[in-house]
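Visitor: Just one file: input-v3.cif, with mmCIF, C-alpha atoms.
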```cif
data_work
loop_
_atom_site.label_atom_id
_atom_site.label_comp_id
_atom_site.auth_asym_id
_atom_site.auth_seq_id
_atom_site.Cartn_x
_atom_site.Cartn_y
_atom_site.Cartn_z
CA MET A 14 -38.03 -49.32 -50.81
CA ASN A 15 -38.95 -45.82 -49.64
CA ILE A 16 -40.81 -45.08 -46.43
CA TYR A 17 -42.39 -41.64 -46.65
CA THR A 18 -43.01 -40.15 -43.21
CA VAL A 19 -45.23 -37.24 -42.23
CA THR A 20 -44.45 -35.67 -38.87
CA TYR A 21 -43.94 -32.32 -37.19
CA LEU A 22 -40.52 -30.98 -38.05
CA HIS A 23 -40.40 -27.66 -36.26
CA ARG A 24 -37.62 -25.54 -34.83
CA ASN A 25 -37.54 -27.27 -31.47
CA TYR A 26 -35.36 -29.99 -30.02
CA GLY A 27 -37.96 -32.70 -29.52
CA SER A 28 -39.36 -32.34 -33.03
CA ALA A 29 -35.95 -32.61 -34.68
CA LEU A 30 -34.71 -35.43 -32.45
CA GLN A 31 -37.76 -37.68 -32.82
CA ALA A 32 -37.63 -37.36 -36.63
CA PHE A 33 -33.88 -38.05 -36.63
CA ALA A 34 -34.27 -41.09 -34.35
CA LEU A 35 -36.99 -42.66 -36.49
CA GLN A 36 -34.94 -42.20 -39.66
CA THR A 37 -31.88 -43.68 -37.97
CA ILE A 38 -33.74 -46.86 -37.00
CA LEU A 39 -35.40 -47.22 -40.40
CA LYS A 40 -32.09 -46.82 -42.22
CA GLU A 41 -30.65 -49.64 -40.12
CA MET A 42 -33.45 -51.82 -41.52
CA GLY A 43 -32.28 -51.28 -45.08
CA VAL A 44 -35.02 -48.96 -46.33
CA THR A 45 -34.87 -45.35 -47.49
CA PRO A 46 -36.79 -43.12 -45.06
CA VAL A 47 -37.85 -39.65 -46.20
CA VAL A 48 -39.78 -37.01 -44.24
CA ILE A 49 -42.19 -35.40 -46.69
CA GLN A 50 -43.31 -31.84 -46.03
CA LYS A 51 -46.22 -30.01 -47.64
CA ILE A 52 -45.18 -26.65 -49.02
CA PRO A 53 -47.97 -24.10 -49.56
CA THR A 54 -48.30 -22.96 -53.16
CA LYS A 55 -49.38 -19.44 -52.24
CA LYS A 56 -46.87 -16.98 -50.80
CA HIS A 57 -48.32 -14.35 -48.51
CA SER A 58 -47.15 -10.77 -48.46
CA ILE A 59 -45.00 -9.41 -45.65
CA PHE A 60 -47.99 -7.35 -44.50
CA TYR A 61 -50.16 -10.47 -44.28
CA GLN A 62 -47.45 -12.36 -42.38
CA TRP A 63 -47.22 -9.55 -39.84
CA LEU A 64 -51.02 -9.59 -39.44
CA LEU A 65 -50.81 -13.32 -38.68
CA LYS A 66 -48.14 -12.71 -36.04
CA ILE A 67 -50.25 -10.00 -34.38
CA TRP A 68 -53.33 -12.23 -34.51
CA TYR A 69 -51.38 -15.08 -32.89
CA ILE A 70 -50.21 -12.79 -30.09
CA LEU A 71 -53.75 -11.52 -29.39
CA LEU A 72 -55.46 -14.93 -29.75
CA PRO A 73 -56.52 -16.27 -26.31
CA GLN A 74 -54.65 -19.48 -25.47
CA LYS A 75 -54.70 -21.79 -22.47
CA ASP A 76 -51.67 -21.26 -20.21
CA TYR A 77 -50.59 -18.15 -22.16
CA SER A 78 -51.73 -14.72 -20.98
CA LEU A 79 -51.45 -11.76 -23.33
CA ALA A 80 -48.38 -10.57 -21.39
CA LYS A 81 -46.76 -14.00 -21.79
CA ARG A 82 -47.47 -14.05 -25.53
CA ILE A 83 -45.94 -10.60 -25.97
CA GLN A 84 -42.91 -11.70 -23.94
CA LEU A 85 -42.61 -14.82 -26.09
CA ALA A 86 -42.67 -12.74 -29.30
CA ILE A 87 -39.92 -10.47 -27.95
CA GLU A 88 -37.75 -13.37 -26.78
CA ASP A 89 -38.22 -15.16 -30.08
CA ARG A 90 -35.82 -12.67 -31.64
CA LYS A 91 -33.13 -13.67 -29.14
CA SER A 92 -33.35 -17.29 -30.31
CA ARG A 93 -32.36 -16.75 -33.94
CA ILE A 94 -28.98 -18.46 -33.50
CA LYS A 95 -30.70 -21.44 -31.87
CA TYR A 96 -33.14 -21.71 -34.76
CA LYS A 97 -30.29 -21.62 -37.28
CA LYS A 98 -28.53 -24.43 -35.40
CA ILE A 99 -31.69 -26.56 -35.36
CA ASP A 100 -32.18 -25.89 -39.08
CA SER A 101 -28.60 -27.00 -39.67
CA PHE A 102 -29.16 -30.21 -37.67
CA ILE A 103 -32.24 -31.04 -39.76
CA LEU A 104 -30.46 -30.25 -43.03
CA ASP A 105 -27.41 -32.35 -42.15
CA ARG A 106 -29.05 -35.35 -40.49
CA ILE A 107 -32.63 -35.76 -41.74
CA GLN A 108 -33.60 -36.59 -45.31
CA THR A 109 -36.57 -34.47 -46.31
CA LEU A 110 -38.59 -33.87 -49.46
CA ASN A 111 -40.74 -30.81 -50.04
CA ILE A 112 -43.99 -31.44 -51.87
CA ILE A 113 -45.98 -28.74 -53.60
CA ASP A 114 -48.31 -30.90 -55.71
CA GLU A 115 -49.43 -34.19 -54.15
CA LYS A 116 -50.65 -35.69 -57.43
CA GLU A 117 -47.36 -34.93 -59.15
CA PHE A 118 -45.46 -36.51 -56.25
CA LEU A 119 -47.60 -39.67 -56.29
CA ARG A 120 -46.62 -40.31 -59.92
CA THR A 121 -43.08 -40.94 -58.65
CA VAL A 122 -44.11 -43.38 -55.90
CA ASP A 123 -43.40 -47.06 -56.38
CA GLY A 124 -46.26 -49.47 -55.73
CA ASN A 125 -44.51 -51.00 -52.71
CA ASP A 126 -43.41 -47.74 -51.09
CA ILE A 127 -44.92 -47.20 -47.65
CA PHE A 128 -46.40 -44.14 -45.95
CA LEU A 129 -45.83 -43.74 -42.22
CA ALA A 130 -47.60 -41.17 -40.02
CA GLY A 131 -45.83 -40.17 -36.84
CA SER A 132 -44.55 -39.46 -34.38
CA ASP A 133 -45.62 -36.46 -32.27
CA GLN A 134 -49.06 -34.91 -31.77
CA ILE A 135 -50.00 -35.05 -35.44
CA TRP A 136 -53.55 -36.25 -34.79
CA GLY A 137 -54.51 -33.74 -32.15
CA THR A 138 -57.94 -32.30 -32.86
CA ALA A 139 -60.70 -30.28 -31.31
CA ASP A 140 -64.05 -30.65 -33.06
CA LYS A 141 -62.53 -29.68 -36.38
CA LYS A 142 -61.52 -32.26 -38.98
CA LEU A 143 -58.24 -34.09 -38.70
CA SER A 144 -55.49 -32.81 -40.96
CA SER A 145 -55.79 -34.56 -44.30
CA TRP A 146 -52.01 -34.33 -44.71
CA TYR A 147 -51.19 -36.20 -41.50
CA THR A 148 -53.87 -38.84 -42.07
CA PHE A 149 -52.92 -39.48 -45.73
CA GLN A 150 -56.37 -38.67 -47.05
CA TRP A 151 -54.63 -37.33 -50.15
CA LEU A 152 -53.31 -40.81 -51.04
CA GLU A 153 -55.02 -43.29 -53.30
CA ASP A 154 -56.79 -46.16 -51.57
CA SER A 155 -54.16 -48.63 -52.81
CA HIS A 156 -51.26 -46.94 -51.03
CA ILE A 157 -49.90 -48.73 -47.95
CA ARG A 158 -50.16 -46.65 -44.79
CA TYR A 159 -49.14 -47.17 -41.15
CA SER A 160 -48.52 -44.94 -38.19
CA TYR A 161 -45.76 -44.96 -35.60
CA ALA A 162 -46.21 -43.57 -32.08
CA ALA A 163 -48.67 -40.92 -33.21
CA SER A 164 -50.29 -38.79 -30.51
CA ILE A 165 -53.81 -37.40 -30.36
CA GLY A 166 -53.41 -35.15 -27.32
CA GLN A 167 -56.91 -35.99 -26.06
CA SER A 168 -58.22 -37.58 -22.87
CA VAL A 169 -61.90 -37.58 -23.88
CA LEU A 170 -63.50 -37.75 -27.34
CA THR A 171 -66.74 -36.13 -28.44
CA ASP A 172 -69.05 -37.84 -30.94
CA ASN A 173 -67.81 -35.48 -33.63
CA GLN A 174 -64.18 -36.32 -32.87
CA ILE A 175 -64.94 -40.03 -32.96
CA GLU A 176 -66.49 -39.61 -36.40
CA ASN A 177 -63.42 -37.70 -37.60
CA TYR A 178 -61.02 -40.41 -36.36
CA VAL A 179 -63.06 -43.22 -37.90
CA LYS A 180 -63.09 -41.49 -41.28
CA GLY A 181 -59.53 -40.24 -41.16
CA LEU A 182 -57.80 -43.45 -40.08
CA ALA A 183 -59.97 -46.08 -41.75
CA LEU A 184 -57.37 -47.15 -44.35
CA PHE A 185 -54.41 -47.59 -42.00
CA LYS A 186 -53.15 -51.18 -41.83
CA THR A 187 -51.95 -50.63 -38.25
CA ILE A 188 -52.43 -47.62 -35.97
CA SER A 189 -49.47 -47.20 -33.62
CA LEU A 190 -49.98 -44.67 -30.85
CA ARG A 191 -47.63 -43.17 -28.28
CA GLU A 192 -49.83 -42.73 -25.19
CA LYS A 193 -51.77 -45.31 -23.21
CA GLN A 194 -54.71 -42.90 -23.03
CA ALA A 195 -54.88 -42.68 -26.82
CA VAL A 196 -54.86 -46.47 -27.11
CA GLU A 197 -57.76 -46.71 -24.67
CA LEU A 198 -59.75 -44.10 -26.61
CA LEU A 199 -59.22 -45.52 -30.10
CA THR A 200 -59.25 -49.27 -29.41
CA PRO A 201 -63.09 -49.45 -29.37
CA LEU A 202 -63.08 -47.81 -32.81
CA PHE A 203 -60.38 -49.92 -34.49
CA LYS A 204 -60.00 -53.00 -32.26
CA ASP A 205 -57.10 -55.23 -33.38
CA SER A 206 -55.33 -52.61 -35.51
CA ILE A 207 -54.32 -50.49 -32.47
CA ARG A 208 -51.01 -50.77 -30.62
CA GLN A 209 -48.81 -48.64 -28.32
CA ASP A 210 -45.16 -47.88 -29.12
CA LEU A 211 -42.31 -45.83 -27.74
CA ASP A 212 -41.55 -42.30 -28.86
CA PRO A 213 -38.85 -42.62 -31.57
CA THR A 214 -36.21 -40.99 -29.36
CA LEU A 215 -36.48 -43.97 -26.98
CA LEU A 216 -35.63 -46.42 -29.76
CA CYS A 217 -31.99 -45.29 -29.48
CA ASP A 218 -30.19 -45.88 -26.20
CA GLY A 219 -28.30 -43.40 -24.06
CA ALA A 220 -24.93 -44.33 -25.56
CA PHE A 221 -26.18 -43.33 -29.00
CA TRP A 222 -27.37 -39.93 -27.83
CA LYS A 223 -24.21 -39.29 -25.82
CA SER A 224 -22.19 -39.87 -29.00
CA ILE A 225 -23.74 -36.86 -30.73
CA ALA A 226 -23.91 -34.51 -27.73
CA SER A 227 -21.60 -31.51 -27.62
CA PRO A 228 -18.62 -31.57 -25.23
CA ARG A 229 -19.30 -30.27 -21.73
CA LEU A 230 -20.40 -26.63 -21.92
CA VAL A 231 -20.50 -25.64 -18.22
CA ARG A 232 -17.49 -26.33 -16.00
CA GLU A 233 -19.08 -26.11 -12.55
CA PRO A 234 -21.87 -28.41 -11.25
CA TYR A 235 -25.35 -27.25 -12.32
CA ILE A 236 -29.05 -28.01 -12.34
CA PHE A 237 -30.37 -28.01 -15.90
CA VAL A 238 -33.82 -26.53 -16.41
CA TYR A 239 -35.78 -26.93 -19.65
CA ARG A 240 -39.20 -25.31 -19.78
CA LEU A 241 -41.64 -25.05 -22.68
CA ARG A 242 -44.78 -23.81 -20.92
CA PRO A 243 -44.99 -20.71 -18.66
CA ASN A 244 -45.09 -22.62 -15.39
CA GLU A 245 -43.27 -20.81 -12.57
CA ASP A 246 -43.21 -24.00 -10.50
CA VAL A 247 -40.40 -25.23 -12.77
CA ILE A 248 -38.16 -22.32 -11.77
CA ASP A 249 -39.21 -22.44 -8.11
CA ILE A 250 -38.49 -26.17 -7.83
CA SER A 251 -35.12 -25.85 -9.58
CA ARG A 252 -34.16 -22.95 -7.32
CA LYS A 253 -35.07 -24.98 -4.23
CA LEU A 254 -33.05 -27.93 -5.52
CA ALA A 255 -30.06 -25.77 -6.45
CA LYS A 256 -30.04 -24.25 -2.95
CA GLU A 257 -30.16 -27.70 -1.34
CA LYS A 258 -27.28 -29.01 -3.46
CA GLY A 259 -25.23 -25.81 -3.79
CA PHE A 260 -25.35 -25.85 -7.61
CA LYS A 261 -26.00 -23.12 -10.17
CA ILE A 262 -29.01 -23.15 -12.53
CA VAL A 263 -28.61 -23.30 -16.30
CA TYR A 264 -31.86 -22.56 -18.13
CA VAL A 265 -32.90 -23.30 -21.72
CA GLY A 266 -36.42 -22.73 -22.96
CA LEU A 267 -39.18 -20.21 -23.32
CA TYR A 268 -39.83 -17.36 -20.90
CA SER A 269 -36.36 -16.71 -19.55
CA SER A 270 -35.80 -15.73 -15.96
CA SER A 271 -34.20 -12.38 -15.18
CA GLU A 272 -33.01 -13.56 -11.77
CA GLU A 273 -29.28 -13.40 -11.12
CA ASP A 274 -29.10 -17.02 -9.96
CA VAL A 275 -30.39 -18.37 -13.31
CA GLU A 276 -28.06 -18.51 -16.32
CA CYS A 277 -30.22 -18.28 -19.46
CA VAL A 278 -29.00 -19.81 -22.71
CA TYR A 279 -30.63 -18.65 -25.95
CA ASP A 280 -28.35 -20.16 -28.58
CA ALA A 281 -28.25 -23.88 -27.73
CA GLY A 282 -28.33 -26.17 -30.76
CA VAL A 283 -29.64 -29.74 -30.73
CA GLU A 284 -26.27 -31.22 -29.75
CA ASP A 285 -25.92 -28.56 -27.04
CA PHE A 286 -29.34 -29.45 -25.63
CA LEU A 287 -28.22 -33.07 -25.26
CA SER A 288 -24.96 -31.94 -23.66
CA TYR A 289 -26.69 -29.78 -21.05
CA ILE A 290 -28.71 -32.81 -19.94
CA LEU A 291 -25.78 -35.24 -20.12
CA TYR A 292 -23.51 -33.24 -17.81
CA ALA A 293 -26.15 -31.90 -15.40
CA GLU A 294 -26.25 -32.97 -11.77
CA ALA A 295 -30.04 -33.06 -12.08
CA VAL A 296 -32.78 -31.92 -14.49
CA VAL A 297 -36.05 -30.08 -13.85
CA THR A 298 -38.42 -29.84 -16.82
CA ASN A 299 -42.05 -29.62 -17.92
CA SER A 300 -41.23 -30.94 -21.39
CA PHE A 301 -41.96 -34.45 -22.67
CA HIS A 302 -38.64 -34.72 -24.48
CA GLY A 303 -36.83 -33.04 -21.60
CA THR A 304 -38.14 -35.93 -19.51
CA VAL A 305 -37.24 -38.52 -22.18
CA PHE A 306 -33.60 -37.47 -22.46
CA SER A 307 -33.20 -37.21 -18.70
CA ILE A 308 -34.18 -40.88 -18.59
CA LEU A 309 -31.96 -41.87 -21.50
CA MET A 310 -28.98 -40.10 -19.90
CA GLU A 311 -29.89 -41.73 -16.54
CA LYS A 312 -30.06 -38.39 -14.73
CA PRO A 313 -31.81 -37.53 -11.48
CA PHE A 314 -34.82 -35.54 -12.67
CA LEU A 315 -38.19 -34.03 -11.80
CA SER A 316 -40.91 -33.63 -14.41
CA VAL A 317 -43.39 -30.89 -13.49
CA LYS A 318 -47.04 -31.54 -14.33
CA ILE A 319 -48.93 -29.31 -16.75
CA ASP A 320 -52.51 -29.78 -17.92
CA THR A 321 -51.96 -29.22 -21.64
CA THR A 322 -49.35 -31.92 -22.27
CA GLY A 323 -49.33 -33.91 -19.06
CA SER A 324 -50.85 -37.11 -20.47
CA ARG A 325 -47.85 -37.93 -22.65
CA VAL A 326 -45.42 -37.59 -19.72
CA GLU A 327 -47.75 -39.44 -17.36
CA SER A 328 -48.09 -42.34 -19.81
CA LEU A 329 -44.31 -42.65 -20.23
CA LEU A 330 -43.49 -42.43 -16.52
CA GLU A 331 -46.19 -44.93 -15.63
CA LEU A 332 -44.80 -47.36 -18.22
CA LEU A 333 -41.27 -47.05 -16.79
CA GLY A 334 -42.23 -47.12 -13.12
CA LEU A 335 -41.21 -43.50 -12.60
CA LYS A 336 -44.49 -41.86 -11.57
CA SER A 337 -42.76 -40.59 -8.41
CA GLN A 338 -40.75 -38.17 -10.58
CA HIS A 339 -43.92 -36.45 -11.85
CA ILE A 340 -44.63 -33.65 -9.37
CA SER A 341 -47.04 -30.71 -9.23
CA THR A 342 -45.59 -27.89 -7.14
CA ILE A 343 -42.68 -26.87 -4.97
CA ALA A 344 -44.60 -28.31 -2.01
CA SER A 345 -44.63 -31.82 -3.53
CA ASN A 346 -42.56 -34.56 -1.96
CA TYR A 347 -39.80 -35.82 -4.21
CA SER A 348 -36.65 -37.90 -4.38
CA LEU A 349 -33.84 -37.86 -6.92
CA ASN A 350 -32.82 -41.44 -6.17
CA ILE A 351 -33.75 -43.47 -9.27
CA ASP A 352 -32.97 -47.16 -9.84
CA TYR A 353 -32.15 -47.06 -13.55
CA SER A 354 -31.45 -50.80 -13.70
CA LYS A 355 -35.21 -51.43 -13.46
CA VAL A 356 -36.03 -48.59 -15.85
CA ASN A 357 -33.56 -49.81 -18.46
CA SER A 358 -34.89 -53.37 -18.22
CA ILE A 359 -38.39 -52.14 -19.07
CA LEU A 360 -37.01 -49.90 -21.81
CA ARG A 361 -35.13 -52.76 -23.47
CA THR A 362 -38.29 -54.87 -23.59
CA GLU A 363 -40.46 -52.05 -24.95
CA ARG A 364 -37.75 -50.99 -27.39
CA GLU A 365 -37.57 -54.49 -28.82
CA LYS A 366 -41.36 -54.59 -29.30
CA SER A 367 -41.39 -51.26 -31.13
CA ILE A 368 -38.39 -52.08 -33.32
CA ASN A 369 -39.96 -55.42 -34.25
CA TYR A 370 -43.10 -53.57 -35.30
CA LEU A 371 -41.10 -51.19 -37.48
CA ARG A 372 -39.27 -54.17 -38.94
CA SER A 373 -42.63 -55.71 -39.90
CA VAL A 374 -43.62 -52.42 -41.55
CA CYS A 375 -40.40 -52.42 -43.57
CA CYS A 376 -41.07 -56.00 -44.71
CA CYS A 377 -44.61 -55.22 -45.79
CA GLU A 378 -45.51 -55.53 -49.45
CA LYS A 379 -48.69 -54.61 -51.19
CA GLU A 380 -51.15 -57.48 -51.32
CA GLN A 381 -51.44 -58.82 -54.85
#
```
Show me, as structure tokens, the structure contained in the file I just sent.

Guide:
Amino acid sequence: MNIYTVTYLHRNYGSALQAFALQTILKEMGVTPVVIQKIPTKKHSIFYQWLLKIWYILLPQKDYSLAKRIQLAIEDRKSRIKYKKIDSFILDRIQTLNIIDEKEFLRTVDGNDIFLAGSDQIWGTADKKLSSWYTFQWLEDSHIRYSYAASIGQSVLTDNQIENYVKGLALFKTISLREKQAVELLTPLFKDSIRQDLDPTLLCDGAFWKSIASPRLVREPYIFVYRLRPNEDVIDISRKLAKEKGFKIVYVGLYSSSEEDVECVYDAGVEDFLSYILYAEAVVTNSFHGTVFSILMEKPFLSVKIDTTGSRVESLLELLGLKSQHISTIASNYSLNIDYSKVNSILRTEREKSINYLRSVCCCEKEQ
């Protein structure tokens, strides 16, 4: 039986690792998981592609000033080796299928094959319609569809958004969400078909992730910093921590620092990213998956709050009893002493629940 998954599969560590983790677990259950990707039929000219890039740079965005967007475009060129390494990881470890014509593809689908939406923020929406691709609105009504740890990235829903969710998700047998906040928002709309599950990366334990990490890349003790949003508090906090402990700072992420005390790495592949966390003395991050892998590797860590993606980190840390590691600024009180025996106990219980759910999805057959 095939399980066709739609998810974000971009050139970043979290995207690649969550897709890889979900496929790994599904394969262990004896099914054939495939990430399906929609390929546009129309190819745009080089001129049009450049216009899109310029438009993206000039488009106002929360947290990103024009100067930051220009800096990001310049630094993007430095990351070409990293992107190639991530592409290689996806090619080697994740089974994908490119789809140009949905109707042509559906002719090849067996009646008992299953469609799975998730994980990541695939159902994020403003007041525009949900993506028909990520909500399977292009399927026939008879096709079996579930989600796994999907994220909506919303804390409040407008009437228009509610209408879009009701229409877009009506045919799902079960709606599995990643964040507690999303569960609270959608439960009144779908009642018994809603559940909360772990991000796919948390379905595999630390030993699994250590087995695919690169060998140690930095000889001396270091603080690892992974930043995805332009929040200077991340650098300030890591610098304060490094001074207290006498360690160097190794930085991976967007918006590099030009300071002499920060070693910037532009070419880290997926396995390298795991290695930098595994061998760090401590981690400072404002990334959801930076937080996830710090926990899985049982590292002392601080997760810096940001408005745009804070709910997903907050939900995870609340679940694991780690809210104390979610801090706002350099002035925040913090401790790096974490009792991972309690954290791992909670993780084992939640992991079992989520794996049992996926097992039930794999055993599902179309009702006769």

Visitor: Could you check the closest approach to A:Ile52 for each of A:Thr304, A:Ala281, A:Trp146, A:Arg240 and tell me which residue wins, using all atoms listed in the file?

Guide: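 Among A:Thr304, A:Ala281, A:Trp146, A:Arg240, it is A:Trp146 that comes nearest to A:Ile52.
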
Visitor: The PyMOL selection byres ((chain A and resi 42) around 10) on the file shown: which residues, as an mmCIF file with C-alpha atoms, in the frame of the given file?

Guide:
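As a result, out.cif now contains:
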```
data_model
loop_
_atom_site.group_PDB
_atom_site.id
_atom_site.type_symbol
_atom_site.label_atom_id
_atom_site.label_comp_id
_atom_site.auth_asym_id
_atom_site.auth_seq_id
_atom_site.Cartn_x
_atom_site.Cartn_y
_atom_site.Cartn_z
ATOM 1 C CA GLN A 36 -34.940 -42.200 -39.660
ATOM 2 C CA THR A 37 -31.880 -43.680 -37.970
ATOM 3 C CA ILE A 38 -33.740 -46.860 -37.000
ATOM 4 C CA LEU A 39 -35.400 -47.220 -40.400
ATOM 5 C CA LYS A 40 -32.090 -46.820 -42.220
ATOM 6 C CA GLU A 41 -30.650 -49.640 -40.120
ATOM 7 C CA GLY A 43 -32.280 -51.280 -45.080
ATOM 8 C CA VAL A 44 -35.020 -48.960 -46.330
ATOM 9 C CA THR A 45 -34.870 -45.350 -47.490
ATOM 10 C CA PRO A 46 -36.790 -43.120 -45.060
ATOM 11 C CA ILE A 368 -38.390 -52.080 -33.320
ATOM 12 C CA LEU A 371 -41.100 -51.190 -37.480
ATOM 13 C CA ARG A 372 -39.270 -54.170 -38.940
ATOM 14 C CA CYS A 375 -40.400 -52.420 -43.570
ATOM 15 C CA CYS A 376 -41.070 -56.000 -44.710
#
```

Visitor: For A:Phe306, list every protein, DNA or RNA residue within 10 Å, evaluated using all atoms listed in the file, and leave out those in the same chain fewer than 4 positions away; present the list as number ranges by chain.

Guide: A: 27, 214-215, 218-219, 222, 286-287, 290-291, 296, 301-302, 310-312

Visitor: Translate the PyMOL selection byres ((chain A and resi 345) around 12), as applied to the file shown, into an explicit residue set as an MDAnalysis selection string.

Guide: chainID A and resid 246 249:250 253 315:318 337:344 346:348

Visitor: For C-alpha atoms, I'd like the residues from the last selection saved as a PDB file, in the frame of the given file.

Guide:
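Below is the file that was written, out.pdb:
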```pdb
ATOM      1  CA  ASP A 246     -43.210 -24.000 -10.500  1.00  0.00           C
ATOM      2  CA  ASP A 249     -39.210 -22.440  -8.110  1.00  0.00           C
ATOM      3  CA  ILE A 250     -38.490 -26.170  -7.830  1.00  0.00           C
ATOM      4  CA  LYS A 253     -35.070 -24.980  -4.230  1.00  0.00           C
ATOM      5  CA  LEU A 315     -38.190 -34.030 -11.800  1.00  0.00           C
ATOM      6  CA  SER A 316     -40.910 -33.630 -14.410  1.00  0.00           C
ATOM      7  CA  VAL A 317     -43.390 -30.890 -13.490  1.00  0.00           C
ATOM      8  CA  LYS A 318     -47.040 -31.540 -14.330  1.00  0.00           C
ATOM      9  CA  SER A 337     -42.760 -40.590  -8.410  1.00  0.00           C
ATOM     10  CA  GLN A 338     -40.750 -38.170 -10.580  1.00  0.00           C
ATOM     11  CA  HIS A 339     -43.920 -36.450 -11.850  1.00  0.00           C
ATOM     12  CA  ILE A 340     -44.630 -33.650  -9.370  1.00  0.00           C
ATOM     13  CA  SER A 341     -47.040 -30.710  -9.230  1.00  0.00           C
ATOM     14  CA  THR A 342     -45.590 -27.890  -7.140  1.00  0.00           C
ATOM     15  CA  ILE A 343     -42.680 -26.870  -4.970  1.00  0.00           C
ATOM     16  CA  ALA A 344     -44.600 -28.310  -2.010  1.00  0.00           C
ATOM     17  CA  ASN A 346     -42.560 -34.560  -1.960  1.00  0.00           C
ATOM     18  CA  TYR A 347     -39.800 -35.820  -4.210  1.00  0.00           C
ATOM     19  CA  SER A 348     -36.650 -37.900  -4.380  1.00  0.00           C
TER      20      SER A 348
END
```

Visitor: Kindly indicate which residue among A:Leu143, A:Ala295, A:Ile135, A:Ala195 lies nearest to A:Ser324, using only C-alpha atoms for the distances.

Guide: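 Closest to A:Ser324 of all the choices is A:Ala195.
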
Visitor: Check which residues satisfy the PyMOL selection byres ((chain A and resi 163) around 10) in the file shown, then give them as a PyMOL selection string.

Guide: chain A and resi 20+129-137+147+160-162+164-166+188-192+195+209-212

Visitor: Counting all atoms listed in the file, what is within 8 Å of A:Ser328, bar same-chain residues fewer than 2 positions away, as JSON, numbers by chain?

Guide: {"A": [192, 193, 194, 324, 325, 326, 330, 331, 332]}

Visitor: Could you state the separation of atom CA of A:Asn350 and atom CA of A:Glu276 in Å, given to one decimal place?

Guide: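 Value for the atom CA of A:Asn350-atom CA of A:Glu276 distance: 25.5 Å.
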
Visitor: At what distance in Å, to one decimal, does atom CA of A:Gln108 lie from atom CA of A:Ile225?

Guide: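 It comes out at 17.6 Å.
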
Visitor: So the first atom is atom CA of A:Leu22 and the second is atom CA of A:Pro53; what is the distance between them in Å, to one decimal place?

Guide: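 Going from atom CA of A:Leu22 over to atom CA of A:Pro53 covers 15.3 Å.
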
Visitor: Might you pull out every residue within 10 Å of A:Val179, with only C-alpha atoms counted and same-chain residues fewer than 6 positions away left off, and present them as a list in words?

Guide: Leu199, Leu202 and Phe203 of chain A

Visitor: Please write as a PyMOL selection string the list of polymer residues whose atoms come within 10 Å of (-22.4, -33.0, -17.2), counting only C-alpha atoms and keeping to the coordinates of the file.

Guide: chain A and resi 228-237+287-295+312

Visitor: Give the answer as one residue: which of A:Pro201, A:Ser144, A:Phe33, A:Tyr21 has the shortest atom-to-atom distance to A:Asp105, using all atoms listed in the file?

Guide: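 For A:Asp105, the nearest of the candidates is A:Phe33.
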
Visitor: From the set A:Leu182, A:Ile59, A:Met14, A:Ala32, which residue has the shortest atom-to-atom contact distance to A:Gly124, counting only C-alpha atoms?

Guide: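 Checking each candidate against A:Gly124, we get A:Met14 as the closest.
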